[in-house]
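Asker: Let me give you the structure first, and then I'll get to my questions.
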Amino acid sequence: MKKVFEYMTLLIYGGVIYYFIELVYRGYSHYAMILVGGLCFICIGLLNELYTYKMSLVKQMIISSFIVTAIEFIAGVILNIWLKLDIWDYSNLKFNLIGQISLKTSVIWFFLALPAIYLDDYLRYWMFKEEKPHYKLI
């Protein structure tokens with residue numbers, strides 16, 4: 001039950017932050033993005049949790065960018081194409097895939113992964129008394 005509470009808390013923190021990032025970046029968002037963002041945040045945090053060795057920050061950022069891009073693609077297919085909610089459309093950007101993901105947004109997620117990694121680690125440390133984070137750059 002403790003882990004369920006922990007992951008629900010992380011989902012809410014990550015989702016609300018993701019929602020507000022979209023508000024700042026695009027001027028609007030959709031409530032479904034709280035769930036999408038929360039899922040991305042949890043997956044980014046699991047990189048350190050699931051491996052017995054600590055990955056470098058750069059490697060975590062690269063993998064996180066791929067994770068967020070994959071989740072956004074799946075969410076985009078479901079929300080935008082199947083359910084026709086039209087939450088976002090990257091068709092006007094170069095190097096996009098059916099308007100749901102683009103190279104530009106993947107690069108942005110690479111840089112946003114760093115604060116997400118730190119926030120996840122410190123939330124786990126402060127709120128759930130997990131190990132104090134230690135990092136290596138490369």
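Chain labels run A, B, ... following the order of the structure tokens; each chain numbers its residues from 1, and ligands are numbered from 1 in the order shown.
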Counting only C-alpha atoms, what is within 12 Å of A:Leu46, bar same-chain residues fewer than 2 positions away, as a list in words?
Answerer: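 The residues that qualify are Tyr7, Leu10, Leu39, Cys40, Phe41, Ile42, Cys43, Ile44, Asn48, Glu49, Leu50, Tyr51, Thr52, Lys54, Met55, Gln60, Ile63, Ser64, Ile67, Ala116, Ile117, Asp120, Asp121 and Arg124 of chain A.
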Asker: Step one, run DSSP on the backbone; step two, keep only residues of chain A assigned to strand (DSSP E or B); then write them as a list in words.
Answerer: Asn96, Leu97, Ile101 and Ser102 of chain A
Asker: To one decimal in Å, tell me the separation between atom CA of A:Ser29 and atom CA of A:Phe111.
Answerer: 20.1 Å
Asker: Which of these, A:Leu112, A:Leu137, A:Leu47, A:Ile62, has the shortest distance to A:Tyr18 once you count only C-alpha atoms?
Answerer: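 Of all the options, A:Leu112 lies closest to A:Tyr18.
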Asker: Identify, with DSSP run on backbone atoms, the residues in stretch 6-129 of chain A assigned to alpha helix (DSSP H), and express the list as a PyMOL selection string.
Answerer: chain A and resi 6-26+32-50+57-76+103-128
Asker: When you look at A:Tyr90 with a cut-off of 7 Å (counting only C-alpha atoms), what residues show up, excluding the ones that are within fewer than 4 positions of it in the same chain? I need them as an MDAnalysis selection string.
Answerer: chainID A and resid 96 99:102
Asker: Can you spit out the residues from that selection as a tab-separated table (two decimals), in the first residue's frame, using N, CA and C atoms?
Answerer:
```
chain	number	residue	atom	x	y	z
A	96	ASN	N	8.49	15.04	-38.10
A	96	ASN	CA	7.41	14.56	-37.22
A	96	ASN	C	6.94	13.19	-37.70
A	99	GLY	N	2.29	13.56	-37.01
A	99	GLY	CA	1.87	14.73	-36.25
A	99	GLY	C	1.83	14.54	-34.75
A	100	GLN	N	2.26	13.38	-34.25
A	100	GLN	CA	2.14	13.09	-32.82
A	100	GLN	C	3.44	13.31	-32.05
A	101	ILE	N	4.55	13.12	-32.71
A	101	ILE	CA	5.87	13.37	-32.09
A	101	ILE	C	6.74	14.06	-33.12
A	102	SER	N	7.79	14.72	-32.63
A	102	SER	CA	8.73	15.36	-33.55
A	102	SER	C	10.12	15.35	-32.92
```
Asker: By how many Å are atom CA of A:Tyr118 and atom CA of A:Tyr31 apart?
Answerer: 24.6 Å
Asker: With distances taken over only C-alpha atoms, which residue among A:Tyr125, A:Phe95, A:Trp88, A:Trp109 lies nearest A:Ala70?
Answerer: A:Trp109
Asker: When distances are computed from only C-alpha atoms, which of A:Ser56, A:Ser65, A:Thr105, A:Thr9 shows the smallest separation from A:Ile138?
Answerer: A:Ser56
Asker: Can you tell me how far atom CA of A:Phe110 sits from atom CA of A:Val36, in Å to one decimal?
Answerer: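 Distance between the two atoms: 16.7 Å.
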Asker: Find, counting only C-alpha atoms, the residue in A:Val16, A:Ile98, A:Met8, A:Val107 that gets nearest to A:Ile81.
Answerer: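 Comparing A:Val16, A:Ile98, A:Met8, A:Val107 against A:Ile81, the winner is A:Ile98.
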Asker: Using only C-alpha atoms, can you tell me which of A:Met1, A:Val24, A:Thr69, A:His134 comes closest to A:Lys104?
Answerer: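 Among the listed residues, the smallest separation from A:Lys104 belongs to A:Thr69.
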Asker: Applying 9 Å and only C-alpha atoms, which residues near A:Ile17 remain after dropping the ones on its own chain fewer than 5 positions away? List them as a PyMOL selection string.
Answerer: chain A and resi 12+22+34+37-38
Asker: Please produce a file of the residues just selected, as a PDB file, in the first residue's frame, where the atoms kept are N, CA and C atoms.
Answerer:
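File written: out-v4.pdb
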```pdb
ATOM      1  N   ILE A  12       0.884  12.419  -9.546  1.00  0.00           N
ATOM      2  CA  ILE A  12       0.240  13.730  -9.413  1.00  0.00           C
ATOM      3  C   ILE A  12       1.257  14.861  -9.570  1.00  0.00           C
ATOM      4  N   GLU A  22       3.176  22.587 -20.367  1.00  0.00           N
ATOM      5  CA  GLU A  22       2.428  22.803 -21.607  1.00  0.00           C
ATOM      6  C   GLU A  22       1.732  24.162 -21.622  1.00  0.00           C
ATOM      7  N   ILE A  34      -2.298  15.430 -17.646  1.00  0.00           N
ATOM      8  CA  ILE A  34      -1.859  15.172 -16.276  1.00  0.00           C
ATOM      9  C   ILE A  34      -1.510  13.692 -16.139  1.00  0.00           C
ATOM     10  N   GLY A  37       1.646  13.019 -18.424  1.00  0.00           N
ATOM     11  CA  GLY A  37       2.841  13.577 -17.785  1.00  0.00           C
ATOM     12  C   GLY A  37       3.235  12.825 -16.543  1.00  0.00           C
ATOM     13  N   GLY A  38       2.254  12.416 -15.751  1.00  0.00           N
ATOM     14  CA  GLY A  38       2.546  11.640 -14.553  1.00  0.00           C
ATOM     15  C   GLY A  38       3.184  10.301 -14.885  1.00  0.00           C
TER      16      GLY A  38
END
```
Asker: Please identify all polymer residues within 10 Å of A:Asp86, counting only C-alpha atoms, omitting same-chain residues fewer than 4 positions from it, and present them as a short mmCIF file (atom, residue, chain, number, x, y, z; two decimals) with C-alpha atoms, in the first residue's frame.
Answerer:
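Result file is part.cif:
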```
data_model
loop_
_atom_site.label_atom_id
_atom_site.label_comp_id
_atom_site.auth_asym_id
_atom_site.auth_seq_id
_atom_site.Cartn_x
_atom_site.Cartn_y
_atom_site.Cartn_z
CA HIS A 30 -5.75 19.23 -21.66
CA GLY A 76 -1.21 10.91 -29.31
CA LEU A 79 -6.14 10.72 -27.75
CA ASN A 80 -5.67 12.61 -31.00
CA ILE A 81 -6.24 10.03 -33.71
CA TRP A 82 -8.59 7.39 -32.25
#
```
Asker: Looking at only C-alpha atoms, which of A:Ala113, A:Lys3, A:Ser106, A:Glu130 is the one that sits closest to A:Phe66?
Answerer: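 Of the candidates, the smallest distance to A:Phe66 is held by A:Ser106.
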